[in-house]
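Data block for model-v2.cif (mmCIF, C-alpha atoms):
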data_target
loop_
_atom_site.label_atom_id
_atom_site.label_comp_id
_atom_site.auth_asym_id
_atom_site.auth_seq_id
_atom_site.Cartn_x
_atom_site.Cartn_y
_atom_site.Cartn_z
CA MET A 7 0.00 0.00 0.00
CA SER A 8 1.73 3.13 -1.18
CA LEU A 9 1.29 6.15 -3.34
CA ALA A 10 0.80 5.23 -6.99
CA HIS A 11 2.95 6.70 -9.72
CA ARG A 12 0.80 9.05 -11.76
CA ILE A 13 0.35 9.21 -15.53
CA ILE A 14 -0.68 12.66 -16.69
CA PRO A 15 -1.69 13.56 -20.24
CA CYS A 16 -1.14 17.19 -21.18
CA LEU A 17 -3.22 19.26 -23.58
CA ASP A 18 -1.23 22.12 -25.11
CA THR A 19 -3.81 24.52 -26.44
CA ASP A 20 -3.96 27.88 -28.14
CA GLY A 21 -6.61 28.66 -25.57
CA GLU A 22 -9.30 26.81 -27.45
CA ARG A 23 -7.84 23.97 -29.55
CA VAL A 24 -5.16 21.40 -28.84
CA VAL A 25 -2.32 22.54 -31.05
CA LYS A 26 0.53 20.11 -30.42
CA GLY A 27 0.81 16.43 -31.12
CA VAL A 28 -2.59 15.88 -32.63
CA ASN A 29 -1.89 14.01 -35.83
CA PHE A 30 -4.45 11.33 -35.38
CA VAL A 31 -6.59 10.60 -32.39
CA GLY A 32 -9.41 8.54 -33.73
CA LEU A 33 -11.77 11.31 -32.81
CA ARG A 34 -13.99 13.17 -35.20
CA ASP A 35 -12.51 16.40 -33.93
CA ALA A 36 -8.84 15.77 -33.19
CA GLY A 37 -8.07 19.15 -31.69
CA ASP A 38 -11.01 19.31 -29.32
CA PRO A 39 -9.70 19.43 -25.73
CA VAL A 40 -13.09 18.41 -24.35
CA ALA A 41 -13.22 15.18 -26.38
CA LEU A 42 -9.64 14.34 -25.40
CA ALA A 43 -10.30 15.07 -21.74
CA ALA A 44 -13.30 12.73 -21.75
CA ARG A 45 -11.24 10.01 -23.37
CA TYR A 46 -8.33 10.30 -20.92
CA ASN A 47 -10.69 10.37 -17.95
CA ALA A 48 -12.23 7.11 -19.16
CA GLU A 49 -8.86 5.54 -20.02
CA GLY A 50 -7.54 5.83 -16.48
CA ALA A 51 -5.45 9.01 -16.55
CA ASP A 52 -4.55 10.05 -13.00
CA GLU A 53 -4.78 13.78 -13.68
CA LEU A 54 -5.02 16.09 -16.63
CA VAL A 55 -3.01 19.21 -17.44
CA VAL A 56 -4.33 21.83 -19.83
CA LEU A 57 -2.03 24.64 -20.89
CA ASP A 58 -2.59 27.80 -22.86
CA ILE A 59 0.71 27.93 -24.71
CA ALA A 60 -0.24 31.08 -26.62
CA ALA A 61 -1.24 32.82 -23.38
CA SER A 62 -2.36 35.98 -25.08
CA ARG A 63 -4.32 38.37 -22.92
CA ASP A 64 -7.26 38.84 -25.27
CA ARG A 65 -7.83 35.11 -25.63
CA ARG A 66 -7.90 34.51 -21.88
CA PRO A 67 -11.73 34.34 -21.63
CA THR A 68 -11.67 31.64 -24.31
CA PHE A 69 -9.14 29.62 -22.29
CA LEU A 70 -11.23 29.95 -19.14
CA GLU A 71 -14.22 28.64 -21.06
CA THR A 72 -12.05 25.73 -22.25
CA ILE A 73 -11.13 24.95 -18.62
CA ARG A 74 -14.82 24.98 -17.67
CA ARG A 75 -15.75 22.61 -20.47
CA VAL A 76 -12.79 20.28 -19.79
CA ALA A 77 -13.44 20.22 -16.02
CA ALA A 78 -17.03 19.20 -16.68
CA GLU A 79 -15.75 15.95 -18.23
CA LEU A 80 -13.44 14.93 -15.40
CA ALA A 81 -13.64 12.85 -12.25
CA ILE A 82 -9.88 13.33 -11.75
CA PRO A 83 -7.84 16.42 -10.82
CA LEU A 84 -7.26 19.17 -13.36
CA THR A 85 -4.22 21.43 -13.53
CA ALA A 86 -4.34 24.53 -15.70
CA GLY A 87 -1.86 27.23 -16.60
CA GLY A 88 0.04 29.14 -19.20
CA GLY A 89 0.40 32.88 -18.84
CA ILE A 90 -0.52 33.03 -15.15
CA ARG A 91 1.02 36.33 -14.04
CA THR A 92 -1.03 37.46 -11.06
CA LEU A 93 -3.03 36.11 -8.16
CA GLU A 94 -6.13 37.26 -10.05
CA ASP A 95 -5.14 35.10 -13.06
CA GLY A 96 -4.80 32.13 -10.71
CA ARG A 97 -8.18 32.84 -9.14
CA ALA A 98 -9.86 32.91 -12.53
CA VAL A 99 -8.40 29.53 -13.45
CA VAL A 100 -9.45 27.94 -10.13
CA ARG A 101 -12.93 29.45 -10.41
CA ALA A 102 -13.22 27.98 -13.87
CA GLY A 103 -12.71 24.53 -12.37
CA ALA A 104 -8.96 23.83 -12.07
CA ASP A 105 -7.71 22.14 -8.91
CA LYS A 106 -4.15 23.31 -9.41
CA VAL A 107 -2.48 26.23 -11.14
CA THR A 108 0.91 26.07 -12.87
CA VAL A 109 3.22 29.04 -12.95
CA ASN A 110 6.41 29.39 -14.94
CA THR A 111 7.95 32.54 -16.44
CA ALA A 112 6.05 35.00 -14.25
CA ALA A 113 7.19 33.15 -11.11
CA VAL A 114 10.83 33.39 -12.21
CA GLU A 115 10.39 37.12 -12.71
CA ARG A 116 8.44 37.56 -9.47
CA PRO A 117 8.76 34.61 -7.05
CA ALA A 118 6.22 36.24 -4.68
CA LEU A 119 3.55 35.03 -7.13
CA ILE A 120 4.14 31.51 -5.79
CA SER A 121 3.56 32.55 -2.17
CA GLU A 122 0.51 34.61 -3.08
CA LEU A 123 -1.13 31.64 -4.80
CA SER A 124 -0.02 29.23 -2.09
CA ARG A 125 -1.46 31.38 0.69
CA GLU A 126 -4.80 31.58 -1.04
CA PHE A 127 -5.22 28.06 -2.39
CA GLY A 128 -2.73 25.99 -0.39
CA ALA A 129 0.58 24.51 -1.55
CA GLN A 130 -1.19 21.47 -3.02
CA ALA A 131 -2.75 23.77 -5.62
CA VAL A 132 0.46 25.44 -6.81
CA VAL A 133 2.56 23.67 -9.41
CA LEU A 134 5.87 25.29 -10.31
CA ALA A 135 6.68 24.49 -13.92
CA ILE A 136 10.42 24.50 -14.58
CA ASP A 137 11.83 24.20 -18.08
CA ALA A 138 15.44 23.08 -17.65
CA LYS A 139 18.27 22.92 -20.16
CA ARG A 140 21.69 21.40 -19.65
CA VAL A 141 24.54 23.90 -19.66
CA GLY A 142 27.93 22.38 -18.82
CA ASP A 143 27.69 20.67 -15.44
CA HIS A 144 24.29 22.05 -14.41
CA TRP A 145 20.83 22.95 -15.74
CA ASP A 146 19.62 26.43 -16.51
CA VAL A 147 16.04 27.59 -16.07
CA MET A 148 14.50 28.52 -19.41
CA VAL A 149 11.58 30.93 -19.72
CA ARG A 150 9.17 32.13 -22.42
CA GLY A 151 8.28 28.70 -23.64
CA GLY A 152 11.81 27.35 -23.22
CA ARG A 153 13.30 29.85 -25.64
CA GLU A 154 15.19 32.15 -23.30
CA SER A 155 17.61 31.43 -20.47
CA ALA A 156 16.79 32.98 -17.12
CA SER A 157 20.46 32.53 -16.14
CA ARG A 158 19.38 30.68 -13.08
CA ASN A 159 20.33 27.26 -11.74
CA ALA A 160 17.34 24.91 -12.01
CA LEU A 161 18.17 23.02 -8.81
CA GLU A 162 18.40 26.22 -6.81
CA TRP A 163 15.24 27.59 -8.37
CA ALA A 164 13.35 24.40 -7.52
CA ARG A 165 14.39 24.74 -3.85
CA ILE A 166 13.46 28.43 -3.78
CA GLY A 167 10.10 27.72 -5.40
CA VAL A 168 9.25 25.03 -2.86
CA ALA A 169 10.31 27.30 0.01
CA ALA A 170 8.00 29.97 -1.44
CA GLY A 171 5.05 27.58 -1.34
CA ALA A 172 4.97 25.41 -4.47
CA GLY A 173 3.51 21.99 -3.67
CA GLU A 174 4.71 20.25 -6.79
CA ILE A 175 7.27 20.67 -9.58
CA LEU A 176 6.42 20.08 -13.22
CA LEU A 177 9.87 19.54 -14.66
CA THR A 178 10.35 19.67 -18.42
CA SER A 179 13.65 18.81 -20.02
CA VAL A 180 14.07 21.29 -22.86
CA ASP A 181 16.83 19.04 -24.25
CA ARG A 182 14.51 16.06 -24.49
CA ASP A 183 11.20 17.76 -25.28
CA GLY A 184 9.98 16.67 -28.71
CA THR A 185 12.86 14.22 -29.27
CA GLN A 186 10.97 11.07 -28.19
CA SER A 187 14.31 9.76 -26.89
CA GLY A 188 13.09 9.24 -23.33
CA PHE A 189 12.75 11.38 -20.21
CA ASP A 190 15.85 13.03 -18.78
CA VAL A 191 16.58 10.64 -15.92
CA THR A 192 19.63 12.50 -14.58
CA LEU A 193 17.86 15.85 -14.45
CA THR A 194 14.72 14.43 -12.85
CA ALA A 195 16.63 12.44 -10.22
CA ALA A 196 18.66 15.55 -9.36
CA ILE A 197 15.60 17.78 -8.92
CA SER A 198 13.59 15.08 -7.15
CA GLY A 199 16.44 14.62 -4.67
CA ALA A 200 16.73 18.36 -4.13
CA VAL A 201 13.15 19.08 -3.12
CA THR A 202 10.65 17.71 -0.61
CA VAL A 203 7.61 17.91 -2.91
CA PRO A 204 6.45 15.56 -5.69
CA VAL A 205 8.07 15.95 -9.11
CA ILE A 206 6.29 15.42 -12.44
CA ALA A 207 8.73 14.51 -15.21
CA SER A 208 8.05 15.79 -18.71
CA GLY A 209 9.70 15.87 -22.12
CA GLY A 210 10.90 13.07 -24.39
CA ALA A 211 8.45 10.25 -23.67
CA LYS A 212 7.89 7.72 -26.40
CA SER A 213 7.88 4.10 -25.22
CA PRO A 214 6.46 2.45 -22.10
CA ALA A 215 10.05 1.57 -21.15
CA HIS A 216 10.77 5.30 -20.84
CA PHE A 217 8.11 5.51 -18.15
CA VAL A 218 9.53 2.54 -16.22
CA GLU A 219 12.93 4.22 -16.36
CA ILE A 220 11.76 7.64 -15.14
CA PHE A 221 9.93 6.14 -12.15
CA ARG A 222 12.67 3.64 -11.22
CA GLU A 223 15.82 5.66 -11.90
CA GLY A 224 14.57 9.22 -12.21
CA ALA A 225 12.67 9.16 -8.88
CA ALA A 226 9.71 10.85 -10.56
CA ASP A 227 6.40 10.84 -8.72
CA ALA A 228 4.44 11.38 -11.91
CA ALA A 229 5.13 11.46 -15.63
CA LEU A 230 3.54 13.73 -18.19
CA ALA A 231 3.26 13.34 -21.94
CA ALA A 232 1.21 14.78 -24.77
CA SER A 233 1.65 13.58 -28.31
CA ILE A 234 2.08 9.85 -27.62
CA PHE A 235 -1.33 9.84 -26.00
CA HIS A 236 -3.06 12.20 -28.44
CA ASP A 237 -1.99 10.38 -31.57
CA GLY A 238 -3.38 7.12 -30.29
CA VAL A 239 -0.01 5.34 -30.34
CA GLN A 240 -0.10 4.71 -26.62
CA SER A 241 -3.23 4.06 -24.62
CA ILE A 242 -3.01 5.07 -20.98
CA HIS A 243 -4.54 1.81 -19.82
CA ALA A 244 -2.01 -0.30 -21.74
CA LEU A 245 0.83 1.87 -20.45
CA LYS A 246 -0.31 1.33 -16.87
CA GLN A 247 -0.58 -2.42 -17.40
CA PHE A 248 2.98 -2.40 -18.73
CA LEU A 249 4.18 -0.44 -15.69
CA ALA A 250 2.38 -2.78 -13.28
CA SER A 251 3.93 -5.81 -14.97
CA HIS A 252 7.33 -4.20 -14.41
CA GLY A 253 6.71 -3.73 -10.72
CA VAL A 254 5.84 -0.02 -10.83
CA GLU A 255 2.91 0.79 -8.58
CA VAL A 256 0.09 2.40 -10.56
CA ARG A 257 -3.64 2.83 -10.18
CA LEU A 258 -5.28 0.40 -12.56
CA SER A 259 -8.94 1.02 -13.11
CA CYS A 260 -11.00 -1.98 -14.06
CA MET B 642 -33.29 15.17 -0.81
CA LYS B 643 -31.33 18.35 -1.28
CA ILE B 644 -27.67 18.72 -0.38
CA THR B 645 -26.45 21.97 1.10
CA ILE B 646 -22.81 22.63 0.22
CA LEU B 647 -21.09 24.94 2.61
CA ASP B 648 -19.16 27.24 0.29
CA TYR B 649 -16.75 29.29 2.37
CA GLY B 650 -15.08 30.90 -0.63
CA ALA B 651 -12.10 28.64 -1.27
CA GLY B 652 -11.68 25.44 -3.14
CA ASN B 653 -13.14 23.81 -6.14
CA VAL B 654 -16.82 23.61 -5.27
CA PRO B 655 -17.94 23.11 -8.91
CA SER B 656 -16.29 19.68 -9.05
CA VAL B 657 -18.30 18.54 -6.02
CA GLU B 658 -21.47 19.98 -7.55
CA ARG B 659 -20.85 18.16 -10.80
CA ALA B 660 -20.24 14.86 -9.00
CA LEU B 661 -23.56 15.21 -7.18
CA GLN B 662 -25.30 16.27 -10.36
CA ARG B 663 -24.07 13.12 -12.11
CA LEU B 664 -25.63 11.13 -9.28
CA GLY B 665 -28.90 12.92 -9.93
CA VAL B 666 -28.97 14.83 -6.65
CA GLU B 667 -29.92 18.43 -6.25
CA SER B 668 -27.44 20.63 -4.41
CA HIS B 669 -27.00 24.28 -3.66
CA ARG B 670 -24.06 26.15 -2.26
CA THR B 671 -24.37 28.64 0.50
CA ALA B 672 -22.48 30.68 3.05
CA SER B 673 -25.61 31.82 4.87
CA PRO B 674 -26.11 30.84 8.53
CA GLU B 675 -29.89 30.51 7.95
CA CYS B 676 -29.44 28.05 5.09
CA ILE B 677 -26.98 25.98 7.13
CA SER B 678 -29.48 25.87 10.01
CA LYS B 679 -32.23 24.63 7.70
CA ALA B 680 -30.10 22.12 5.78
CA GLU B 681 -31.34 18.54 5.38
CA VAL B 682 -27.91 17.21 4.39
CA LEU B 683 -24.63 19.09 4.74
CA LEU B 684 -21.45 18.80 2.74
CA LEU B 685 -18.25 20.69 3.55
CA PRO B 686 -15.57 20.44 0.86
CA GLY B 687 -12.36 22.07 1.97
CA VAL B 688 -9.06 22.77 0.30
CA GLY B 689 -6.16 25.05 1.05
CA HIS B 690 -5.15 26.36 4.45
CA TYR B 691 -6.84 25.30 7.68
CA ALA B 692 -6.77 28.90 8.90
CA ALA B 693 -8.71 30.13 5.87
CA LEU B 694 -11.53 27.68 6.56
CA VAL B 695 -11.74 28.36 10.31
CA ARG B 696 -11.59 32.14 9.82
CA ALA B 697 -14.28 31.99 7.16
CA LEU B 698 -16.54 29.93 9.43
CA ASP B 699 -16.24 32.58 12.13
CA GLU B 700 -16.37 35.66 9.93
CA LYS B 701 -19.46 34.38 8.15
CA HIS B 702 -21.03 33.28 11.48
CA LEU B 703 -21.32 29.69 10.31
CA ARG B 704 -19.73 27.92 13.26
CA ALA B 705 -22.77 27.83 15.55
CA PRO B 706 -25.34 26.86 12.89
CA LEU B 707 -23.00 24.15 11.57
CA ILE B 708 -22.37 22.64 15.00
CA GLY B 709 -26.08 22.96 15.80
CA ALA B 710 -27.13 21.12 12.65
CA ILE B 711 -24.65 18.31 13.25
CA HIS B 712 -25.79 17.98 16.87
CA ARG B 713 -29.39 17.73 15.64
CA GLY B 714 -28.37 14.72 13.57
CA VAL B 715 -28.21 16.30 10.11
CA PRO B 716 -26.07 13.97 7.94
CA PHE B 717 -22.71 15.65 7.36
CA LEU B 718 -19.93 14.82 4.92
CA GLY B 719 -16.59 16.57 5.30
CA ILE B 720 -14.00 16.37 2.54
CA CYS B 721 -10.26 16.93 3.10
CA LEU B 722 -10.10 20.09 5.27
CA GLY B 723 -13.76 19.39 5.96
CA LEU B 724 -12.54 16.32 7.88
CA GLN B 725 -9.72 18.15 9.64
CA VAL B 726 -11.93 20.96 10.94
CA LEU B 727 -14.03 18.45 12.92
CA PHE B 728 -11.22 18.09 15.47
CA ARG B 729 -10.18 20.38 18.30
CA SER B 730 -7.33 22.05 16.42
CA SER B 731 -4.66 21.58 13.77
CA GLU B 732 -0.89 22.03 13.85
CA GLU B 733 -1.31 23.99 10.62
CA ALA B 734 -2.72 26.89 12.68
CA SER B 735 -2.56 25.82 16.31
CA GLU B 736 -3.84 29.16 17.62
CA LEU B 737 -7.24 28.57 15.99
CA ARG B 738 -10.08 26.46 17.33
CA GLY B 739 -11.63 23.74 15.19
CA LEU B 740 -15.25 22.60 15.49
CA ASN B 741 -14.24 20.22 18.30
CA LEU B 742 -16.93 17.69 17.36
CA LEU B 743 -14.40 14.87 17.55
CA PRO B 744 -11.69 14.47 20.17
CA GLY B 745 -8.08 14.84 19.10
CA ILE B 746 -6.05 17.13 16.91
CA VAL B 747 -4.77 17.26 13.34
CA SER B 748 -1.00 16.87 12.97
CA ALA B 749 1.62 17.46 10.28
CA LEU B 750 2.61 14.34 8.35
CA PRO B 751 6.26 13.46 9.11
CA PRO B 752 8.89 15.13 6.88
CA ASN B 753 10.61 11.86 5.90
CA VAL B 754 8.26 11.56 2.89
CA LYS B 755 7.39 13.91 0.05
CA LEU B 756 4.79 16.43 1.05
CA PRO B 757 2.09 17.30 0.21
CA HIS B 758 0.86 13.70 0.13
CA MET B 759 -0.40 14.13 -3.40
CA GLY B 760 -1.83 11.53 -5.68
CA TRP B 761 -3.63 8.20 -5.63
CA ASN B 762 -3.27 5.94 -2.63
CA GLN B 763 -4.99 2.88 -1.21
CA ILE B 764 -6.79 2.73 2.09
CA GLU B 765 -7.14 0.04 4.70
CA ASN B 766 -10.43 -0.83 6.32
CA LYS B 767 -10.13 -0.90 10.10
CA ARG B 768 -13.72 -1.25 11.20
CA GLU B 769 -17.12 -1.88 9.72
CA SER B 770 -17.72 1.04 7.37
CA SER B 771 -21.01 2.07 5.77
CA LEU B 772 -19.31 4.65 3.59
CA LEU B 773 -17.01 2.06 2.01
CA SER B 774 -19.63 -0.59 1.36
CA GLY B 775 -19.26 -2.05 -2.12
CA ILE B 776 -15.75 -0.72 -2.59
CA ASP B 777 -12.94 -3.09 -3.50
CA ALA B 778 -10.14 -3.53 -0.99
CA GLY B 779 -7.49 -2.32 -3.43
CA ALA B 780 -9.33 0.80 -4.57
CA TYR B 781 -7.35 4.02 -5.00
CA PHE B 782 -8.42 7.48 -3.87
CA TYR B 783 -6.98 10.91 -4.66
CA PHE B 784 -5.29 12.71 -1.76
CA ALA B 785 -3.77 16.21 -1.61
CA HIS B 786 -2.78 17.28 1.92
CA SER B 787 0.11 17.70 4.34
CA TYR B 788 -1.80 17.43 7.63
CA ALA B 789 -3.92 14.58 8.91
CA ALA B 790 -5.73 13.10 11.90
CA LEU B 791 -3.23 10.51 13.10
CA ASP B 792 -5.19 9.16 16.00
CA SER B 793 -8.97 9.28 15.98
CA ASN B 794 -11.26 6.68 17.48
CA ALA B 795 -13.87 7.54 14.83
CA THR B 796 -11.58 6.19 12.09
CA THR B 797 -13.02 3.41 9.95
CA ALA B 798 -10.25 3.31 7.33
CA THR B 799 -6.68 4.52 7.30
CA CYS B 800 -4.12 5.47 4.70
CA SER B 801 -0.39 5.62 5.16
CA HIS B 802 2.17 8.18 3.99
CA GLY B 803 5.02 8.57 6.43
CA ALA B 804 2.49 7.78 9.13
CA GLU B 805 -0.85 6.06 9.35
CA PHE B 806 -3.73 8.51 9.40
CA ALA B 807 -7.53 8.65 9.22
CA ALA B 808 -8.73 8.33 5.62
CA VAL B 809 -12.38 7.78 6.54
CA ILE B 810 -14.22 8.85 9.65
CA GLU B 811 -17.71 7.75 10.65
CA GLN B 812 -19.45 8.57 13.87
CA ARG B 813 -23.27 8.65 13.99
CA ASN B 814 -24.29 11.30 11.44
CA ILE B 815 -20.72 12.56 10.98
CA PHE B 816 -18.93 11.23 7.90
CA ALA B 817 -15.62 12.55 6.64
CA VAL B 818 -12.93 11.58 4.15
CA GLN B 819 -9.37 12.87 3.87
CA PHE B 820 -9.29 12.11 0.13
CA HIS B 821 -11.31 13.85 -2.57
CA PRO B 822 -14.18 11.58 -3.65
CA GLU B 823 -15.12 14.09 -6.34
CA LYS B 824 -11.66 13.57 -7.90
CA SER B 825 -11.31 9.86 -7.27
CA GLY B 826 -12.93 8.41 -10.36
CA ASP B 827 -15.40 5.55 -9.90
CA SER B 828 -14.30 4.70 -6.35
CA GLY B 829 -15.01 8.26 -5.29
CA VAL B 830 -18.42 8.20 -6.92
CA ARG B 831 -19.26 5.08 -4.91
CA VAL B 832 -18.32 6.78 -1.65
CA LEU B 833 -20.57 9.72 -2.49
CA GLN B 834 -23.35 7.30 -3.40
CA SER B 835 -22.99 5.54 -0.04
CA PHE B 836 -23.19 8.85 1.78
CA LEU B 837 -26.32 9.85 -0.12
CA ARG B 838 -27.91 6.50 0.68
CA LEU B 839 -27.06 6.89 4.38
CA ALA B 840 -28.35 10.46 4.37
CA ALA B 841 -31.65 9.60 2.71
#
Just dump the structure as structure tokens.
Amino acid sequence: MSLAHRIIPCLDTDGERVVKGVNFVGLRDAGDPVALAARYNAEGADELVVLDIAASRDRRPTFLETIRRVAAELAIPLTAGGGIRTLEDGRAVVRAGADKVTVNTAAVERPALISELSREFGAQAVVLAIDAKRVGDHWDVMVRGGRESASRNALEWARIGVAAGAGEILLTSVDRDGTQSGFDVTLTAAISGAVTVPVIASGGAKSPAHFVEIFREGAADAALAASIFHDGVQSIHALKQFLASHGVEVRLSC
Amino acid sequence: MKITILDYGAGNVPSVERALQRLGVESHRTASPECISKAEVLLLPGVGHYAALVRALDEKHLRAPLIGAIHRGVPFLGICLGLQVLFRSSEEASELRGLNLLPGIVSALPPNVKLPHMGWNQIENKRESSLLSGIDAGAYFYFAHSYAALDSNATTATCSHGAEFAAVIEQRNIFAVQFHPEKSGDSGVRVLQSFLRLAA
């Protein structure tokens, strides 16, 4: 009896439509976040993340409506984010039906954002997203969608973020993201060992073996992926059966 | 039957409402002392900081009507913080008074494990439980908390994360769960169903 390792599909949206990794999903409307959310909920996903990767101010009401419609499909936790800059942004996302809020660039620029959200909603509702890129013997924090270095050590930033009130780290390896060559085990193990909160590994997932590896060797508490789930290559249920057969504790729904 | 959801201004109340709606039950949320006093069935979903819940109960004058209703035998279901507030106090804000409907206090989970205790975990039945009837022994529930009731004689099922703690509490008309049934897939739905059946 122990905490199960979580499998988390991620919907990268432009506020309204899923815009990444949707080649084929076997759905009439491949880019519809609501249809995907319903499918993942039924397939045994442990949580769902929905991100507004465009994060433009004028499309924010559209994204909030997307959160409302996605949340209505779920009997599992929902995390939402992308462009969260203020406590008020966080409030809007929670009111729309998210259980947790992710912060990234704005938290790097103003770490007090983490404490503000944590004070209002509790640490369990604040997910610090860190995009990390290897530079020499350490990892740098990247901001603005992984394009720009914040000239900050990722390990240190993770510790600072947790001290400020983040209850979870969503760690994306910029080096691995999109490569399908597997999660970054070294990075994830380093961050997981440096903080006291759960770590969600992200970036590079392709095969079920990658998931076994990130839980066993990367000390990840959860693993997130997008395209391999969206394009129908990997069903969440089959992935969990694979993990269970390799001795990784997961929640298998019947 | 109509469920009154005590909405103190924090947390994801819509997800609880939707879960009840799917079960075909009417609910309404309120922060009015009168509505709490008149409630047939009470539900208190809580997330976030213990202090925020306790302060809201006092500022909105909900403490007395809530305790009164529970004393009168109104079926009550507390979720997460809604379980913790039933005790005398919590280490999360030890200067504040809880509802003191159950003896004991709420403690911090030990720091030798990752906190918050976040994710899906299994529970262990300790006593005859009406809330867990029809639920498989290996069922998983979704937890998200760092504090817990470690030692309550009203416990019917426990969970373990660094320490064993109360996952389900049942005492007369008081029911409470540390996990989130509204986020716990089919197992969570069954717990809500059991509560509704007991409350009817």
Given a cut-off of 10 Å, which residues of chain B touch chain A, counting all atoms listed in the file, written out as a PyMOL selection string? chain B and resi 651-657+659-660+688-691+693+752-765+779-787+800-803+821-830
How would you write, as a PyMOL selection string, the residues chosen by the PyMOL selection byres ((chain B and resi 679) around 12) on this structure? chain B and resi 643-645+671+673-678+680-683+706-707+709-711+713+715
Using the file's own x, y and z axes, so that the box edges lie along x, y and z, what centre and edge lengths in Å (one decimal) does a box around every listed atom of stretch 9-15 of chain A get when 6 Å is added on each side? Give it as lines of an AutoDock Vina configuration file.
center_x = 0.6
center_y = 9.4
center_z = -11.8
size_x = 16.6
size_y = 20.3
size_z = 28.9
Can you tell me which residues surround A:Glu223 at a distance of at most 12 Å, considering only C-alpha atoms, apart from same-chain residues fewer than 2 positions away, and format the answer as a list in words?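 Here the qualifying residues turn out to be Phe189, Asp190, Val191, Thr192, Leu193, Thr194, Ala195, Ala196, Ser198, Gly199, Ala207, Ala215, His216, Phe217, Val218, Glu219, Ile220, Phe221, Ala225, Ala226, Asp227 and Val254 of chain A.
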For the file shown, what are the residues hit by the PyMOL selection byres ((chain B and resi 670) around 8), laid out as an MDAnalysis selection string? chainID B and resid 645:648 668:669 671:672
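Here atom CA of A:Glu22 and atom CA of B:Leu664 stand 29.0 Å from one another.
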Would you compute the distance between atom CA of B:Pro744 and atom CA of B:Pro686? Give it in Å to one decimal.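 Distance between the two atoms: 20.6 Å.
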Quote the spacing between atom CA of A:Asp20 and atom CA of A:Ile73 in Å to one decimal place. 12.3 Å
Counting all atoms listed in the file, the option among A:Ala160, A:Ile175, A:Val109, A:Ala86 closest to A:Arg140: A:Ala160
Report the residues retrieved by the PyMOL selection byres ((chain A and resi 148) around 10) from the displayed file, expressed as a ChimeraX atom specification. /A:110-111,114,136-139,145-147,149-160,178-180
